[in-house]
Amino acid sequence: EKMHVINIGHAVLSKMQCTIKTIGPGLTIGSENMLGITKTAIASVFVLTMCHSLGVSRESFEMAVSQFPASQSVAHLLKRQRLAYDTLRQTIQQITARKRTWNRYQKILLNTNISDEEVLKNALQEWHAAVDRQQRLKRRQA
């Protein structure tokens, strides 16, 4: 339940061996956990260079809010962070799906027993399935 603010250095946000984004000075990690939006981390963080970060616990945040009340600001922050979290979650799903598909077809392409027509057919079937999944997801969110 901590948010970390990177002061110095760079790290990588990754999921399922896919790099999602690089995090550098001034960026935060885990704000959705600190704010109670989610209890689990959405991805892993790996340090690229030596980093210095400032950790802010949920308790510290709540104590600061109680000493310096700003309910509108906190509500606005929660709204922004929920939106940012949802956007990041969707981005991670898209990137990991692309990576899995790419890896699957790299293996197929290395197998010389499969004809070009079969490779094309499989690729189109996977693309169609991915589009169907995205449409179902959008309908559920609407």
# chains A, B, ... in the order shown; residues from 1 in each chain; ligands from 1
$ residues_around --residues "A:Glu1" --least-positions-apart "6" --cutoff "7 Å" --atoms "only C-alpha atoms" --output "ChimeraX atom specification"
/A:33-34,57-58
$ closest_atom_pairs --of "stretch 76-130 of chain A" --to "stretch 21-29 of chain A" --cutoff "12 Å" --atoms "only C-alpha atoms" --output "tab-separated table"
residue	atom	partner	partner_atom	distance
A:Gln81	CA	A:Thr28	CA	11.2
A:Ala84	CA	A:Thr28	CA	11.8
A:Tyr85	CA	A:Ile29	CA	10.9
A:Leu88	CA	A:Lys21	CA	9.9
A:Thr91	CA	A:Lys21	CA	10.1
A:Ile92	CA	A:Lys21	CA	9.5
A:Ile95	CA	A:Lys21	CA	10.5
$ select_by_dssp --residues "stretch 10-137 of chain A" --states "alpha helix (DSSP H)" --output "ChimeraX atom specification"
/A:31-34,58-67,71-110,116-137
$ write_last_selection --atoms "C-alpha atoms" --output "mmCIF file, in the first residue's frame"
data_model
loop_
_atom_site.group_PDB
_atom_site.id
_atom_site.type_symbol
_atom_site.label_atom_id
_atom_site.label_comp_id
_atom_site.auth_asym_id
_atom_site.auth_seq_id
_atom_site.Cartn_x
_atom_site.Cartn_y
_atom_site.Cartn_z
ATOM 1 C CA SER A 31 -0.424 5.267 -6.538
ATOM 2 C CA GLU A 32 -3.507 3.123 -7.223
ATOM 3 C CA ASN A 33 -2.456 0.835 -4.357
ATOM 4 C CA MET A 34 -1.845 3.729 -1.967
ATOM 5 C CA ARG A 58 -1.544 4.958 2.677
ATOM 6 C CA GLU A 59 -1.336 5.891 6.368
ATOM 7 C CA SER A 60 0.933 8.863 5.626
ATOM 8 C CA PHE A 61 -1.392 10.035 2.864
ATOM 9 C CA GLU A 62 -4.474 9.749 5.104
ATOM 10 C CA MET A 63 -2.683 11.586 7.934
ATOM 11 C CA ALA A 64 -1.742 14.433 5.570
ATOM 12 C CA VAL A 65 -5.317 14.658 4.274
ATOM 13 C CA SER A 66 -6.690 14.738 7.836
ATOM 14 C CA GLN A 67 -4.298 17.540 8.845
ATOM 15 C CA SER A 71 -11.930 16.826 -0.009
ATOM 16 C CA GLN A 72 -12.437 18.199 -3.528
ATOM 17 C CA SER A 73 -8.757 17.741 -4.364
ATOM 18 C CA VAL A 74 -8.733 14.189 -2.996
ATOM 19 C CA ALA A 75 -11.891 13.310 -4.948
ATOM 20 C CA HIS A 76 -10.360 14.773 -8.111
ATOM 21 C CA LEU A 77 -7.123 12.842 -7.495
ATOM 22 C CA LEU A 78 -9.036 9.572 -7.017
ATOM 23 C CA LYS A 79 -11.002 10.159 -10.211
ATOM 24 C CA ARG A 80 -7.817 10.900 -12.215
ATOM 25 C CA GLN A 81 -5.979 7.894 -10.790
ATOM 26 C CA ARG A 82 -8.886 5.509 -11.512
ATOM 27 C CA LEU A 83 -8.918 6.706 -15.108
ATOM 28 C CA ALA A 84 -5.112 6.382 -15.371
ATOM 29 C CA TYR A 85 -5.262 2.892 -13.840
ATOM 30 C CA ASP A 86 -7.959 1.730 -16.283
ATOM 31 C CA THR A 87 -5.988 3.150 -19.224
ATOM 32 C CA LEU A 88 -2.795 1.429 -18.059
ATOM 33 C CA ARG A 89 -4.633 -1.871 -17.518
ATOM 34 C CA GLN A 90 -6.027 -1.755 -21.063
ATOM 35 C CA THR A 91 -2.611 -0.855 -22.482
ATOM 36 C CA ILE A 92 -1.012 -3.771 -20.650
ATOM 37 C CA GLN A 93 -3.666 -6.154 -21.986
ATOM 38 C CA GLN A 94 -3.087 -4.957 -25.544
ATOM 39 C CA ILE A 95 0.706 -5.119 -25.354
ATOM 40 C CA THR A 96 0.796 -8.571 -23.766
ATOM 41 C CA ALA A 97 -1.770 -9.921 -26.247
ATOM 42 C CA ARG A 98 0.326 -8.613 -29.159
ATOM 43 C CA LYS A 99 3.463 -10.105 -27.676
ATOM 44 C CA ARG A 100 1.840 -13.516 -27.108
ATOM 45 C CA THR A 101 0.489 -13.541 -30.663
ATOM 46 C CA TRP A 102 3.864 -12.484 -32.058
ATOM 47 C CA ASN A 103 5.665 -15.208 -30.105
ATOM 48 C CA ARG A 104 3.152 -17.837 -31.207
ATOM 49 C CA TYR A 105 3.572 -16.954 -34.878
ATOM 50 C CA GLN A 106 7.331 -16.696 -34.633
ATOM 51 C CA LYS A 107 7.305 -20.357 -33.553
ATOM 52 C CA ILE A 108 4.961 -21.280 -36.406
ATOM 53 C CA LEU A 109 7.073 -19.423 -38.975
ATOM 54 C CA LEU A 110 10.171 -21.263 -37.815
ATOM 55 C CA ASP A 116 1.973 -20.083 -46.375
ATOM 56 C CA GLU A 117 -1.801 -20.511 -46.673
ATOM 57 C CA GLU A 118 -1.979 -22.162 -43.247
ATOM 58 C CA VAL A 119 0.081 -19.392 -41.671
ATOM 59 C CA LEU A 120 -2.193 -16.747 -43.214
ATOM 60 C CA LYS A 121 -5.347 -18.625 -42.171
ATOM 61 C CA ASN A 122 -4.104 -18.984 -38.584
ATOM 62 C CA ALA A 123 -3.109 -15.320 -38.428
ATOM 63 C CA LEU A 124 -6.522 -14.163 -39.655
ATOM 64 C CA GLN A 125 -8.319 -16.454 -37.193
ATOM 65 C CA GLU A 126 -6.277 -15.061 -34.315
ATOM 66 C CA TRP A 127 -6.865 -11.491 -35.477
ATOM 67 C CA HIS A 128 -10.609 -12.148 -35.692
ATOM 68 C CA ALA A 129 -10.627 -13.665 -32.181
ATOM 69 C CA ALA A 130 -8.712 -10.654 -30.803
ATOM 70 C CA VAL A 131 -11.204 -8.227 -32.389
ATOM 71 C CA ASP A 132 -14.105 -10.219 -30.902
ATOM 72 C CA ARG A 133 -12.517 -10.095 -27.431
ATOM 73 C CA GLN A 134 -12.020 -6.328 -27.679
ATOM 74 C CA GLN A 135 -15.616 -5.772 -28.791
ATOM 75 C CA ARG A 136 -16.972 -7.880 -25.908
ATOM 76 C CA LEU A 137 -14.780 -5.959 -23.470
#
$ select_by_dssp --residues "stretch 3-140 of chain A" --states "strand (DSSP E or B)" --output "ChimeraX atom specification"
/A:3-8,11-15,18-23,28-29,44-47,52-57
$ closest_residue --among "A:Cys18, A:Val12, A:Ala142, A:Ile114" --to "A:Thr49" --atoms "only C-alpha atoms"
A:Val12
$ closest_residue --among "A:Lys15, A:Gly55, A:Ile20, A:Asn7" --to "A:Ala41" --atoms "only C-alpha atoms"
A:Lys15
$ atom_distance --atom1 "atom CA of A:Ala43" --atom2 "atom CA of A:His10"
15.9 Å
